[in-house]
Amino acid sequence: QVQLVESGGGLVQAGGSLRLSCAPSGRTFRRYVMGWFRQAPGKEREFVAVVSSSGGNACYGDNVKGRFTISRGAAENTVFLQMNSLKPEDTAVYYCAGRSYGRSYGLGLTGVKDYDYWGQGTQVTVSS
């Protein structure tokens, strides 16, 4: 069973930047659509960004558009989330997600149920 492993979270001041990484713990046999979600205390898990299996297309949630960038790494199914101009409201646990089936583009894949692989999450805290 493939598991996704996130890294790169931490504490940063408002206006700062962080780069999150995600990689599979085992071998995968096809390129997944990869996404990032986040969950703040007492709130539902929220869509952040998704990238197509080729890396050629990406979509973002309205709350992060223009500040965050999702990209794929050279290794299969590795993905990054570059977060700039961070705000205190970006504080949350960030989760990497992978979709191993179906279409190769990410447009519309904004729901938790759209993904079948998840990481354990990494905490991002933005201080004011």
# chains A, B, ... in the order shown; residues from 1 in each chain; ligands from 1
>>> select_by_dssp(residues="chain A", states="helix (DSSP H, G or I)", output="PDB file with all heavy atoms, in the first residue's frame")
ATOM      1  N   PRO A  88      -1.804  34.652   8.710  1.00  0.00           N
ATOM      2  CA  PRO A  88      -2.198  33.836   9.866  1.00  0.00           C
ATOM      3  C   PRO A  88      -3.342  32.867   9.547  1.00  0.00           C
ATOM      4  O   PRO A  88      -3.379  31.757  10.095  1.00  0.00           O
ATOM      5  CB  PRO A  88      -2.612  34.889  10.903  1.00  0.00           C
ATOM      6  CG  PRO A  88      -1.789  36.078  10.558  1.00  0.00           C
ATOM      7  CD  PRO A  88      -1.704  36.082   9.058  1.00  0.00           C
ATOM      8  N   GLU A  89      -4.238  33.254   8.669  1.00  0.00           N
ATOM      9  CA  GLU A  89      -5.359  32.367   8.318  1.00  0.00           C
ATOM     10  C   GLU A  89      -4.930  31.171   7.470  1.00  0.00           C
ATOM     11  O   GLU A  89      -5.741  30.282   7.191  1.00  0.00           O
ATOM     12  CB  GLU A  89      -6.470  33.151   7.607  1.00  0.00           C
ATOM     13  CG  GLU A  89      -6.013  33.998   6.448  1.00  0.00           C
ATOM     14  CD  GLU A  89      -5.770  35.450   6.839  1.00  0.00           C
ATOM     15  OE1 GLU A  89      -5.157  35.694   7.906  1.00  0.00           O
ATOM     16  OE2 GLU A  89      -6.180  36.339   6.061  1.00  0.00           O
ATOM     17  N   ASP A  90      -3.670  31.122   7.053  1.00  0.00           N
ATOM     18  CA  ASP A  90      -3.149  29.943   6.363  1.00  0.00           C
ATOM     19  C   ASP A  90      -2.727  28.861   7.352  1.00  0.00           C
ATOM     20  O   ASP A  90      -2.366  27.754   6.944  1.00  0.00           O
ATOM     21  CB  ASP A  90      -1.941  30.319   5.492  1.00  0.00           C
ATOM     22  CG  ASP A  90      -2.307  31.220   4.336  1.00  0.00           C
ATOM     23  OD1 ASP A  90      -3.366  30.996   3.709  1.00  0.00           O
ATOM     24  OD2 ASP A  90      -1.536  32.167   4.059  1.00  0.00           O
ATOM     25  N   VAL A 112     -12.494  15.969  -1.036  1.00  0.00           N
ATOM     26  CA  VAL A 112     -11.738  14.919  -0.333  1.00  0.00           C
ATOM     27  C   VAL A 112     -12.012  13.559  -0.961  1.00  0.00           C
ATOM     28  O   VAL A 112     -11.111  12.731  -1.113  1.00  0.00           O
ATOM     29  CB  VAL A 112     -12.104  14.930   1.159  1.00  0.00           C
ATOM     30  CG1 VAL A 112     -11.523  13.720   1.875  1.00  0.00           C
ATOM     31  CG2 VAL A 112     -11.632  16.222   1.824  1.00  0.00           C
ATOM     32  N   LYS A 113     -13.232  13.329  -1.392  1.00  0.00           N
ATOM     33  CA  LYS A 113     -13.623  12.031  -1.941  1.00  0.00           C
ATOM     34  C   LYS A 113     -13.020  11.761  -3.310  1.00  0.00           C
ATOM     35  O   LYS A 113     -13.105  10.650  -3.820  1.00  0.00           O
ATOM     36  CB  LYS A 113     -15.140  11.965  -2.035  1.00  0.00           C
ATOM     37  CG  LYS A 113     -15.729  13.046  -2.922  1.00  0.00           C
ATOM     38  CD  LYS A 113     -17.221  12.919  -3.049  1.00  0.00           C
ATOM     39  CE  LYS A 113     -17.842  14.109  -3.783  1.00  0.00           C
ATOM     40  NZ  LYS A 113     -17.192  14.411  -5.061  1.00  0.00           N
ATOM     41  N   ASP A 114     -12.422  12.756  -3.921  1.00  0.00           N
ATOM     42  CA  ASP A 114     -11.832  12.597  -5.249  1.00  0.00           C
ATOM     43  C   ASP A 114     -10.460  11.931  -5.224  1.00  0.00           C
ATOM     44  O   ASP A 114      -9.892  11.656  -6.279  1.00  0.00           O
ATOM     45  CB  ASP A 114     -11.703  13.960  -5.927  1.00  0.00           C
ATOM     46  CG  ASP A 114     -13.042  14.580  -6.257  1.00  0.00           C
ATOM     47  OD1 ASP A 114     -13.964  13.829  -6.652  1.00  0.00           O
ATOM     48  OD2 ASP A 114     -13.188  15.812  -6.124  1.00  0.00           O
TER      49      ASP A 114
END
>>> residues_around(residues="A:Gly98", least_positions_apart="2", cutoff="12 Å", atoms="only C-alpha atoms", output="PyMOL selection string")
chain A and resi 2-5+22-24+28+30-37+49-53+76-79+95-96+100-102+104+106+109-119
>>> residues_around(residues="A:Thr125", least_positions_apart="4", cutoff="12 Å", atoms="only C-alpha atoms", output="VMD selection string")
chain A and resid 8 to 14 16 to 18 38 to 41 86 to 94
>>> write_last_selection(atoms="N, CA and C atoms", output="PDB file, in the first residue's frame")
ATOM      1  N   GLY A   8       8.298  19.719   5.432  1.00  0.00           N
ATOM      2  CA  GLY A   8       8.514  21.137   5.151  1.00  0.00           C
ATOM      3  C   GLY A   8       7.669  22.094   5.946  1.00  0.00           C
ATOM      4  N   GLY A   9       6.767  21.594   6.770  1.00  0.00           N
ATOM      5  CA  GLY A   9       5.960  22.490   7.578  1.00  0.00           C
ATOM      6  C   GLY A   9       6.785  23.139   8.677  1.00  0.00           C
ATOM      7  N   GLY A  10       6.186  24.115   9.348  1.00  0.00           N
ATOM      8  CA  GLY A  10       6.880  24.792  10.435  1.00  0.00           C
ATOM      9  C   GLY A  10       6.204  26.074  10.819  1.00  0.00           C
ATOM     10  N   LEU A  11       6.934  26.898  11.577  1.00  0.00           N
ATOM     11  CA  LEU A  11       6.444  28.185  12.057  1.00  0.00           C
ATOM     12  C   LEU A  11       7.092  29.292  11.249  1.00  0.00           C
ATOM     13  N   VAL A  12       6.287  30.219  10.765  1.00  0.00           N
ATOM     14  CA  VAL A  12       6.797  31.326   9.958  1.00  0.00           C
ATOM     15  C   VAL A  12       5.998  32.575  10.293  1.00  0.00           C
ATOM     16  N   GLN A  13       6.623  33.727  10.135  1.00  0.00           N
ATOM     17  CA  GLN A  13       5.920  34.987  10.369  1.00  0.00           C
ATOM     18  C   GLN A  13       5.069  35.353   9.164  1.00  0.00           C
ATOM     19  N   ALA A  14       4.041  36.124   9.417  1.00  0.00           N
ATOM     20  CA  ALA A  14       3.189  36.603   8.326  1.00  0.00           C
ATOM     21  C   ALA A  14       4.032  37.324   7.278  1.00  0.00           C
ATOM     22  N   GLY A  16       5.949  35.687   5.227  1.00  0.00           N
ATOM     23  CA  GLY A  16       7.033  34.785   4.898  1.00  0.00           C
ATOM     24  C   GLY A  16       6.630  33.687   3.932  1.00  0.00           C
ATOM     25  N   SER A  17       7.556  32.756   3.716  1.00  0.00           N
ATOM     26  CA  SER A  17       7.350  31.674   2.753  1.00  0.00           C
ATOM     27  C   SER A  17       7.735  30.325   3.354  1.00  0.00           C
ATOM     28  N   LEU A  18       7.113  29.289   2.843  1.00  0.00           N
ATOM     29  CA  LEU A  18       7.459  27.908   3.160  1.00  0.00           C
ATOM     30  C   LEU A  18       7.283  27.077   1.904  1.00  0.00           C
ATOM     31  N   ARG A  38      -5.871  21.420   3.192  1.00  0.00           N
ATOM     32  CA  ARG A  38      -5.494  21.858   4.535  1.00  0.00           C
ATOM     33  C   ARG A  38      -6.699  21.815   5.453  1.00  0.00           C
ATOM     34  N   GLN A  39      -6.422  21.683   6.743  1.00  0.00           N
ATOM     35  CA  GLN A  39      -7.494  21.623   7.732  1.00  0.00           C
ATOM     36  C   GLN A  39      -7.079  22.385   8.972  1.00  0.00           C
ATOM     37  N   ALA A  40      -7.829  23.421   9.287  1.00  0.00           N
ATOM     38  CA  ALA A  40      -7.610  24.206  10.494  1.00  0.00           C
ATOM     39  C   ALA A  40      -8.466  23.626  11.625  1.00  0.00           C
ATOM     40  N   PRO A  41      -8.098  23.872  12.871  1.00  0.00           N
ATOM     41  CA  PRO A  41      -8.868  23.326  13.996  1.00  0.00           C
ATOM     42  C   PRO A  41     -10.334  23.723  13.929  1.00  0.00           C
ATOM     43  N   LEU A  86       2.516  34.435   3.221  1.00  0.00           N
ATOM     44  CA  LEU A  86       1.667  33.681   4.147  1.00  0.00           C
ATOM     45  C   LEU A  86       0.952  34.603   5.121  1.00  0.00           C
ATOM     46  N   LYS A  87      -0.267  34.190   5.466  1.00  0.00           N
ATOM     47  CA  LYS A  87      -1.120  34.934   6.375  1.00  0.00           C
ATOM     48  C   LYS A  87      -1.457  34.057   7.576  1.00  0.00           C
ATOM     49  N   PRO A  88      -1.804  34.652   8.710  1.00  0.00           N
ATOM     50  CA  PRO A  88      -2.198  33.836   9.866  1.00  0.00           C
ATOM     51  C   PRO A  88      -3.342  32.867   9.547  1.00  0.00           C
ATOM     52  N   GLU A  89      -4.238  33.254   8.669  1.00  0.00           N
ATOM     53  CA  GLU A  89      -5.359  32.367   8.318  1.00  0.00           C
ATOM     54  C   GLU A  89      -4.930  31.171   7.470  1.00  0.00           C
ATOM     55  N   ASP A  90      -3.670  31.122   7.053  1.00  0.00           N
ATOM     56  CA  ASP A  90      -3.149  29.943   6.363  1.00  0.00           C
ATOM     57  C   ASP A  90      -2.727  28.861   7.352  1.00  0.00           C
ATOM     58  N   THR A  91      -2.760  29.157   8.631  1.00  0.00           N
ATOM     59  CA  THR A  91      -2.388  28.180   9.645  1.00  0.00           C
ATOM     60  C   THR A  91      -3.320  26.977   9.593  1.00  0.00           C
ATOM     61  N   ALA A  92      -2.728  25.784   9.457  1.00  0.00           N
ATOM     62  CA  ALA A  92      -3.507  24.554   9.318  1.00  0.00           C
ATOM     63  C   ALA A  92      -2.547  23.375   9.216  1.00  0.00           C
ATOM     64  N   VAL A  93      -3.113  22.190   9.281  1.00  0.00           N
ATOM     65  CA  VAL A  93      -2.372  20.984   8.894  1.00  0.00           C
ATOM     66  C   VAL A  93      -2.577  20.808   7.389  1.00  0.00           C
ATOM     67  N   TYR A  94      -1.483  20.666   6.673  1.00  0.00           N
ATOM     68  CA  TYR A  94      -1.531  20.527   5.216  1.00  0.00           C
ATOM     69  C   TYR A  94      -1.340  19.058   4.839  1.00  0.00           C
TER      70      TYR A  94
END
>>> atom_distance(atom1="atom CA of A:Ser21", atom2="atom CA of A:Met83")
11.2 Å
>>> closest_residue(among="A:Leu20, A:Ser127, A:Arg45, A:Gln82", to="A:Arg67", atoms="only C-alpha atoms")
A:Gln82
>>> atom_distance(atom1="atom CA of A:Ser71", atom2="atom CA of A:Gly55")
6.6 Å
>>> residues_around(residues="A:Gly61", least_positions_apart="4", cutoff="8 Å", atoms="only C-alpha atoms", output="list in words")
Phe47, Val48, Ala49 and Lys65 of chain A
>>> write_last_selection(atoms="C-alpha atoms", output="short mmCIF file (atom, residue, chain, number, x, y, z; two decimals), in the first residue's frame")
data_model
loop_
_atom_site.label_atom_id
_atom_site.label_comp_id
_atom_site.auth_asym_id
_atom_site.auth_seq_id
_atom_site.Cartn_x
_atom_site.Cartn_y
_atom_site.Cartn_z
CA PHE A 47 -8.96 22.26 -1.12
CA VAL A 48 -5.72 24.17 -1.76
CA ALA A 49 -4.33 23.11 -5.13
CA LYS A 65 -4.62 31.89 -5.70
#
>>> closest_residue(among="A:Arg99, A:Val126, A:Arg19, A:Gln1", to="A:Leu81", atoms="only C-alpha atoms")
A:Arg19
>>> select_by_dssp(residues="chain A", states="strand (DSSP E)", output="short mmCIF file (atom, residue, chain, number, x, y, z; two decimals) with C-alpha atoms, in the first residue's frame")
data_model
loop_
_atom_site.label_atom_id
_atom_site.label_comp_id
_atom_site.auth_asym_id
_atom_site.auth_seq_id
_atom_site.Cartn_x
_atom_site.Cartn_y
_atom_site.Cartn_z
CA LEU A 4 2.33 9.72 0.91
CA VAL A 5 4.79 11.51 3.18
CA GLU A 6 4.76 15.29 3.60
CA SER A 7 7.58 17.48 4.92
CA GLY A 10 6.88 24.79 10.44
CA LEU A 11 6.44 28.18 12.06
CA VAL A 12 6.80 31.33 9.96
CA GLN A 13 5.92 34.99 10.37
CA LEU A 18 7.46 27.91 3.16
CA ARG A 19 7.87 25.05 0.72
CA LEU A 20 6.08 21.78 1.38
CA SER A 21 7.14 18.49 -0.19
CA CYS A 22 5.34 15.21 -0.68
CA ALA A 23 6.65 11.88 -1.90
CA PRO A 24 5.31 8.31 -1.98
CA VAL A 33 -3.14 13.58 -10.18
CA MET A 34 -1.72 15.18 -7.01
CA GLY A 35 -3.34 17.69 -4.70
CA TRP A 36 -2.90 19.63 -1.48
CA PHE A 37 -5.58 20.20 1.14
CA ARG A 38 -5.49 21.86 4.53
CA GLN A 39 -7.49 21.62 7.73
CA GLU A 46 -10.25 22.51 2.45
CA PHE A 47 -8.96 22.26 -1.12
CA VAL A 48 -5.72 24.17 -1.76
CA ALA A 49 -4.33 23.11 -5.13
CA VAL A 50 -4.18 20.29 -7.67
CA VAL A 51 -1.77 19.48 -10.50
CA ALA A 58 -2.81 23.34 -12.08
CA CYS A 59 -5.81 24.75 -10.25
CA TYR A 60 -6.00 26.63 -6.96
CA PHE A 68 0.76 29.45 -3.66
CA THR A 69 2.27 27.38 -6.47
CA ILE A 70 1.97 23.62 -6.90
CA SER A 71 4.52 21.73 -8.98
CA ARG A 72 5.66 18.19 -9.67
CA VAL A 79 4.83 17.22 -5.52
CA PHE A 80 5.68 20.55 -3.96
CA LEU A 81 3.68 23.48 -2.64
CA GLN A 82 5.47 26.82 -2.62
CA MET A 83 3.65 29.14 -0.23
CA ALA A 92 -3.51 24.55 9.32
CA VAL A 93 -2.37 20.98 8.89
CA TYR A 94 -1.53 20.53 5.22
CA TYR A 95 -2.24 17.19 3.55
CA CYS A 96 -0.91 15.76 0.31
CA ALA A 97 -3.36 13.67 -1.73
CA GLY A 98 -3.08 11.43 -4.76
CA ARG A 99 -5.63 10.12 -7.23
CA TYR A 117 -4.18 8.26 -1.19
CA TRP A 118 -3.40 10.67 1.64
CA THR A 122 2.35 18.56 8.20
CA GLN A 123 1.65 21.53 10.47
CA VAL A 124 2.02 25.06 9.12
CA THR A 125 1.73 27.90 11.63
CA VAL A 126 1.81 31.54 10.57
CA SER A 127 2.28 34.08 13.34
#
>>> atom_distance(atom1="atom CA of A:Tyr105", atom2="atom CA of A:Ser85")
27.3 Å
>>> closest_residue(among="A:Ser54, A:Asp62, A:Gly15, A:Ser128", to="A:Ala74", atoms="only C-alpha atoms")
A:Ser54
